[in-house]
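*Asks:* Have a look at this one.
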Amino acid sequence: MRILIAPDHFKGSMRAHEVAEIIRKALNWHVPGIHCELLPLADGGEGTMAVLATALGGSFREVSVRDPLGRLVPAKLALVDAGRTAVVEMAAASGLLRLSATERNPLETHTLGTGDLLRAALDLGVERIVLGIGGSATNDGGMGMLCALGARFLDARGHDLAPAGRNLALVRGVDFSGLDPRLVHTHIEVICDVDNPLLGPQGATRVYGPQKGASEAELSTLEEGMRHYAAQLQRCCPRDIVHSAGAGAAGGLGAACIFLGASLRPGMEVIAELVDLEGRIAASDLVITGEGRVDEQTLRGKTVAGVLRLARKQRKPVIVIAGRVRDKDKVAQKLGATALFTTLSDALPDAEIGAHAAADLARTAASVAAVLQLGRQVRSGRD
């Protein structure tokens with residue numbers, strides 16, 4: 001029996017490769033003679049770069065970038081496909097993980113570091129950049145990223161504006177003559193798992209501004225600034241950067257990526273193509289996938305849903321292992337997995353999940369193995 005073990009990470013407790021290894025050990029221990037292929041996955045968020053580098057035999061490069069407040073910090077990008085493709089996570093430079101809780105301020109934060117990462121990828125001579133834009137700490141509409149790539153934003157007196165949310169409303173002129181010419185010859189794919197437009201109640205500011213530290217008054221300032229900034233960008237772009245799905249992702253970074261000619265695609269779709277997930281599923285007899293929490297959001301294109309979709313296409317059974325499942329009966333029915341196992345007791349406080357996660361997963365994986373072994377015995381008895 002060939003089993004493909006293709007989980008996402010269990011947020012806050014285990015990375016995807018740790019999850020896969022724990023499941024493999026349990027299966028090999030309890031079901032002798034099986035072959036397990038490990039394929040840790042991600043959907044474009046945290047861990048995407050490491051997952052792709054591992055799956056595709058890539059390598060990492062460390063570069064110096066500016067964090068959301070302009071401090072120089074080290075960050076990594078991955079090279080895959082014989083160095084022709086760079087995988088970049090904007091969060092490595094411009095993410096909330098770079099700030100303390102008291103430093104969150106979308107009026108001041110910027111995406112200069114994301115531009116630094118893209119420029120570093122261009123310096124390495126890549127033909128393609130895959131950019132994940134989850135986990136941002138910014139609401140600058142990608143102004144910082146564009147500045148780092150050679151754009152200039154000018155105030156009413158023709159002076160350069162520093163990229164920041166507070167300066168969006170001050171933009172009176174733009175100069176893209178210095179934009180890095182290598183961008184024209186580089187295909188950029190943006191992994192974007194939200195479909196928010198740039199402006200309005202479902203836009204970048206109103207939906208995501210609060211988690212980045214914006215007060216109600218600051219939200220109004222940022223929204224008006226974004227509206228003004230977007231109008232300036234739109235004059236120079238044939239594509240719709242305001243209403244396009246995903247334009248509001250990462251504090252409007254999606255809009256700036258559209259301006260650069262990038263395509264915005266669901267993360268799981270891009271990653272599945274890169275690692276040939278469908279081909280690996282076709283070569284297996286059973287697929288085991290999972291993530292820390294399975295709920296209605298899972299059904300909207302996250303890793304587990306993507307694996308299930310491709311497995312149904314190949315008519316392969318799938319076992320899902322989740323930390324917890326919200327509305328289990330309802331979600332399980334919609335999910336359409338062959339079997340669904342949970343690792344955590346509903347009575348376990350969230351604060352204790354990390355300490356128990358690995359042991360609980362190992363115990364659940366052993367239960368899965370016991371079921372598989374029982375199935376073998378039943379089939380053997382029939383034969």
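Just remember, in the structure tokens the first chain shown is A, the second B, etc., residues are 1-based per chain, and ligands are 1-based in the order shown.
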Quick one: everything within 8 Å of Val307 in chain A, counting only C-alpha atoms, minus sequence neighbours fewer than 6 positions away in the same chain. Send it as an mmCIF file with N, CA, C and O atoms, in the first residue's frame.
*Replies:*
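Done, and the output landed in out.cif:
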```cif
data_model
loop_
_atom_site.group_PDB
_atom_site.id
_atom_site.type_symbol
_atom_site.label_atom_id
_atom_site.label_comp_id
_atom_site.auth_asym_id
_atom_site.auth_seq_id
_atom_site.Cartn_x
_atom_site.Cartn_y
_atom_site.Cartn_z
ATOM 1 N N ALA A 6 0.072 14.204 3.278
ATOM 2 C CA ALA A 6 0.179 15.569 2.750
ATOM 3 C C ALA A 6 -0.595 16.554 3.612
ATOM 4 O O ALA A 6 -1.631 17.089 3.202
ATOM 5 N N LEU A 277 0.994 17.813 -7.088
ATOM 6 C CA LEU A 277 0.171 17.118 -6.112
ATOM 7 C C LEU A 277 -0.763 16.102 -6.775
ATOM 8 O O LEU A 277 -0.922 14.979 -6.280
ATOM 9 N N THR A 289 -4.360 13.737 4.937
ATOM 10 C CA THR A 289 -4.080 15.158 5.029
ATOM 11 C C THR A 289 -4.624 15.690 6.344
ATOM 12 O O THR A 289 -5.222 14.933 7.123
#
```
*Asks:* If DSSP is run on the backbone, what residues of range 121-281 of chain A are helix (DSSP H, G or I)? A reply as number ranges by chain would be ideal.
*Replies:* A: 121-123, 143-148, 165-170, 181-185, 204-208, 210-212, 216-234, 249-259, 267-275, 277-281
*Asks:* Report, in Å to a single decimal, how far apart CA of Thr114 in chain A and CA of Met145 in chain A are.
*Replies:* 5.6 Å
*Asks:* I'd like to know which residues of range 160-306 of chain A are strand (DSSP E or B) (by DSSP, run on the backbone); could you write them as a ChimeraX atom specification?
*Replies:* /A:160,173-175,187-191,263-265,286-294
*Asks:* Which residues come within 8 Å of Thr303 in chain A, counting only C-alpha atoms, excluding same-chain residues fewer than 3 positions away, as a VMD selection string?
*Replies:* chain A and resid 7 to 8 41 to 43 268 290 to 291 298 306 to 307
*Asks:* Find the spatial neighbours of Leu199 in chain A, counting only C-alpha atoms, within a cut-off of 12 Å - ignore same-chain residues fewer than 3 positions away - and output them as a VMD selection string.
*Replies:* chain A and resid 139 141 195 to 196 202 to 209 219 to 220 222 to 231 241 to 249 251 to 252 254 to 255
*Asks:* With only C-alpha atoms as the counted atoms, please give the residues lying no more than 10 Å from Gly261 in chain A, apart from itself and same-chain residues fewer than 6 positions off, as a list in words.
*Replies:*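 The residues that qualify are Leu183, Val184, Thr186, His187, Ile188, Glu189, Cys237, Pro238, Arg239 and Ala255 of chain A.
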*Asks:* Filtering to N, CA and C atoms, could you give me those residues as a CSV table (one decimal), in the first residue's frame?
*Replies:*
```csv
chain,number,residue,atom,x,y,z
A,183,LEU,N,11.5,43.8,-14.1
A,183,LEU,CA,10.1,43.4,-13.7
A,183,LEU,C,9.4,43.0,-15.0
A,184,VAL,N,9.6,43.7,-16.1
A,184,VAL,CA,8.9,43.4,-17.3
A,184,VAL,C,9.2,42.0,-17.8
A,186,THR,N,10.0,39.4,-15.9
A,186,THR,CA,9.8,38.4,-14.8
A,186,THR,C,8.3,38.2,-14.5
A,187,HIS,N,8.0,36.9,-14.5
A,187,HIS,CA,6.6,36.5,-14.3
A,187,HIS,C,6.3,36.5,-12.7
A,188,ILE,N,5.4,37.3,-12.3
A,188,ILE,CA,5.1,37.3,-10.8
A,188,ILE,C,3.7,36.7,-10.6
A,189,GLU,N,3.7,35.7,-9.7
A,189,GLU,CA,2.4,35.0,-9.3
A,189,GLU,C,2.3,35.3,-7.8
A,237,CYS,N,-2.5,52.6,-14.8
A,237,CYS,CA,-2.6,51.1,-14.9
A,237,CYS,C,-3.9,50.7,-15.7
A,238,PRO,N,-3.8,49.9,-16.8
A,238,PRO,CA,-4.9,49.5,-17.5
A,238,PRO,C,-5.8,48.5,-16.8
A,239,ARG,N,-5.3,47.9,-15.8
A,239,ARG,CA,-6.1,46.9,-15.1
A,239,ARG,C,-6.9,47.6,-13.9
A,255,ALA,N,-3.2,45.3,-4.7
A,255,ALA,CA,-3.4,46.3,-5.7
A,255,ALA,C,-2.1,46.6,-6.4
```
*Asks:* Determine the nearest neighbour of Phe176 in chain A from the options A:Leu344, A:Leu149, A:Ala101, A:Val368, counting only C-alpha atoms.
*Replies:* A:Leu149
*Asks:* Excluding same-chain residues fewer than 6 positions from range 161-163 of chain A, what lies within 10 Å of it counting only C-alpha atoms, as a compact mmCIF listing (two decimals) with N, CA, C and O atoms, in the first residue's frame?
*Replies:*
```txt
# COMPACT_ATOMS: atom_id res chain seq x y z
N LEU A 107 -0.56 53.38 10.34
CA LEU A 107 -0.26 54.72 9.84
C LEU A 107 1.23 54.87 9.53
O LEU A 107 1.62 55.69 8.70
N GLU A 108 2.07 54.08 10.21
CA GLU A 108 3.52 54.22 10.10
C GLU A 108 4.19 53.06 9.36
O GLU A 108 5.27 53.24 8.78
N THR A 109 3.60 51.88 9.38
CA THR A 109 4.26 50.72 8.80
C THR A 109 4.22 50.76 7.26
O THR A 109 3.37 51.43 6.67
N HIS A 110 5.14 50.02 6.65
CA HIS A 110 5.26 50.05 5.19
C HIS A 110 5.77 48.70 4.66
O HIS A 110 6.19 47.83 5.43
N THR A 111 5.76 48.58 3.33
CA THR A 111 6.16 47.34 2.67
C THR A 111 7.48 47.47 1.93
O THR A 111 7.75 46.74 0.97
N LEU A 112 8.34 48.39 2.36
CA LEU A 112 9.65 48.51 1.73
C LEU A 112 10.40 47.18 1.73
O LEU A 112 11.05 46.82 0.74
N ASP A 140 -0.36 50.16 3.49
CA ASP A 140 0.19 51.24 2.66
C ASP A 140 -0.11 51.06 1.18
O ASP A 140 0.46 51.78 0.34
N GLY A 141 -1.00 50.12 0.84
CA GLY A 141 -1.35 49.92 -0.56
C GLY A 141 -0.19 49.43 -1.42
O GLY A 141 -0.24 49.54 -2.64
N GLY A 142 0.86 48.91 -0.80
CA GLY A 142 2.05 48.49 -1.54
C GLY A 142 2.94 49.64 -1.95
O GLY A 142 3.89 49.47 -2.73
N MET A 143 2.69 50.81 -1.38
CA MET A 143 3.50 51.99 -1.70
C MET A 143 4.98 51.73 -1.40
O MET A 143 5.87 52.08 -2.19
N GLY A 144 5.26 51.11 -0.29
CA GLY A 144 6.64 50.82 0.08
C GLY A 144 7.30 49.86 -0.88
O GLY A 144 8.45 50.06 -1.30
N MET A 145 6.58 48.78 -1.25
CA MET A 145 7.13 47.82 -2.20
C MET A 145 7.50 48.50 -3.51
O MET A 145 8.58 48.29 -4.07
N LEU A 146 6.60 49.34 -4.02
CA LEU A 146 6.85 50.03 -5.28
C LEU A 146 8.03 50.99 -5.16
O LEU A 146 8.84 51.10 -6.09
N CYS A 147 8.16 51.66 -4.02
CA CYS A 147 9.30 52.56 -3.81
C CYS A 147 10.61 51.78 -3.83
O CYS A 147 11.60 52.22 -4.44
N ALA A 148 10.64 50.64 -3.17
CA ALA A 148 11.85 49.83 -3.13
C ALA A 148 12.24 49.33 -4.52
O ALA A 148 13.41 49.04 -4.78
N ARG A 152 8.49 56.49 -7.41
CA ARG A 152 8.52 57.67 -6.55
C ARG A 152 7.10 58.20 -6.39
O ARG A 152 6.32 58.24 -7.35
N PHE A 153 6.77 58.59 -5.17
CA PHE A 153 5.48 59.21 -4.89
C PHE A 153 5.76 60.62 -4.36
O PHE A 153 6.53 60.78 -3.40
N LEU A 154 5.11 61.60 -4.97
CA LEU A 154 5.45 63.00 -4.72
C LEU A 154 4.30 63.75 -4.07
O LEU A 154 3.13 63.50 -4.37
N ASP A 155 4.65 64.69 -3.19
CA ASP A 155 3.63 65.52 -2.56
C ASP A 155 3.34 66.75 -3.43
O ASP A 155 3.83 66.86 -4.57
N LEU A 170 -1.46 62.18 0.81
CA LEU A 170 -0.63 63.31 0.40
C LEU A 170 -0.06 63.16 -1.02
O LEU A 170 0.58 64.07 -1.53
N VAL A 171 -0.29 61.99 -1.64
CA VAL A 171 0.28 61.74 -2.96
C VAL A 171 -0.39 62.65 -4.00
O VAL A 171 -1.61 62.62 -4.18
N ARG A 172 0.42 63.45 -4.67
CA ARG A 172 -0.10 64.34 -5.71
C ARG A 172 0.54 64.05 -7.07
O ARG A 172 0.09 64.57 -8.09
N GLY A 173 1.56 63.24 -7.06
CA GLY A 173 2.21 62.88 -8.32
C GLY A 173 2.93 61.55 -8.17
O GLY A 173 3.30 61.15 -7.06
```
*Asks:* Quick one: residues within 9 Å of Cys36 in chain A, only C-alpha atoms, excluding same-chain residues fewer than 4 positions away - as a VMD selection string?
*Replies:* chain A and resid 1 to 5 24 27 to 28
*Asks:* Please, what distance in Å, to one decimal, runs between CA of Thr364 in chain A and CA of Ser13 in chain A?
*Replies:*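 Going from CA of Thr364 in chain A over to CA of Ser13 in chain A covers 15.7 Å.
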*Asks:* Would you compute the distance between CA of Leu361 in chain A and CA of Phe341 in chain A? Give it in Å to one decimal.
*Replies:* 9.9 Å
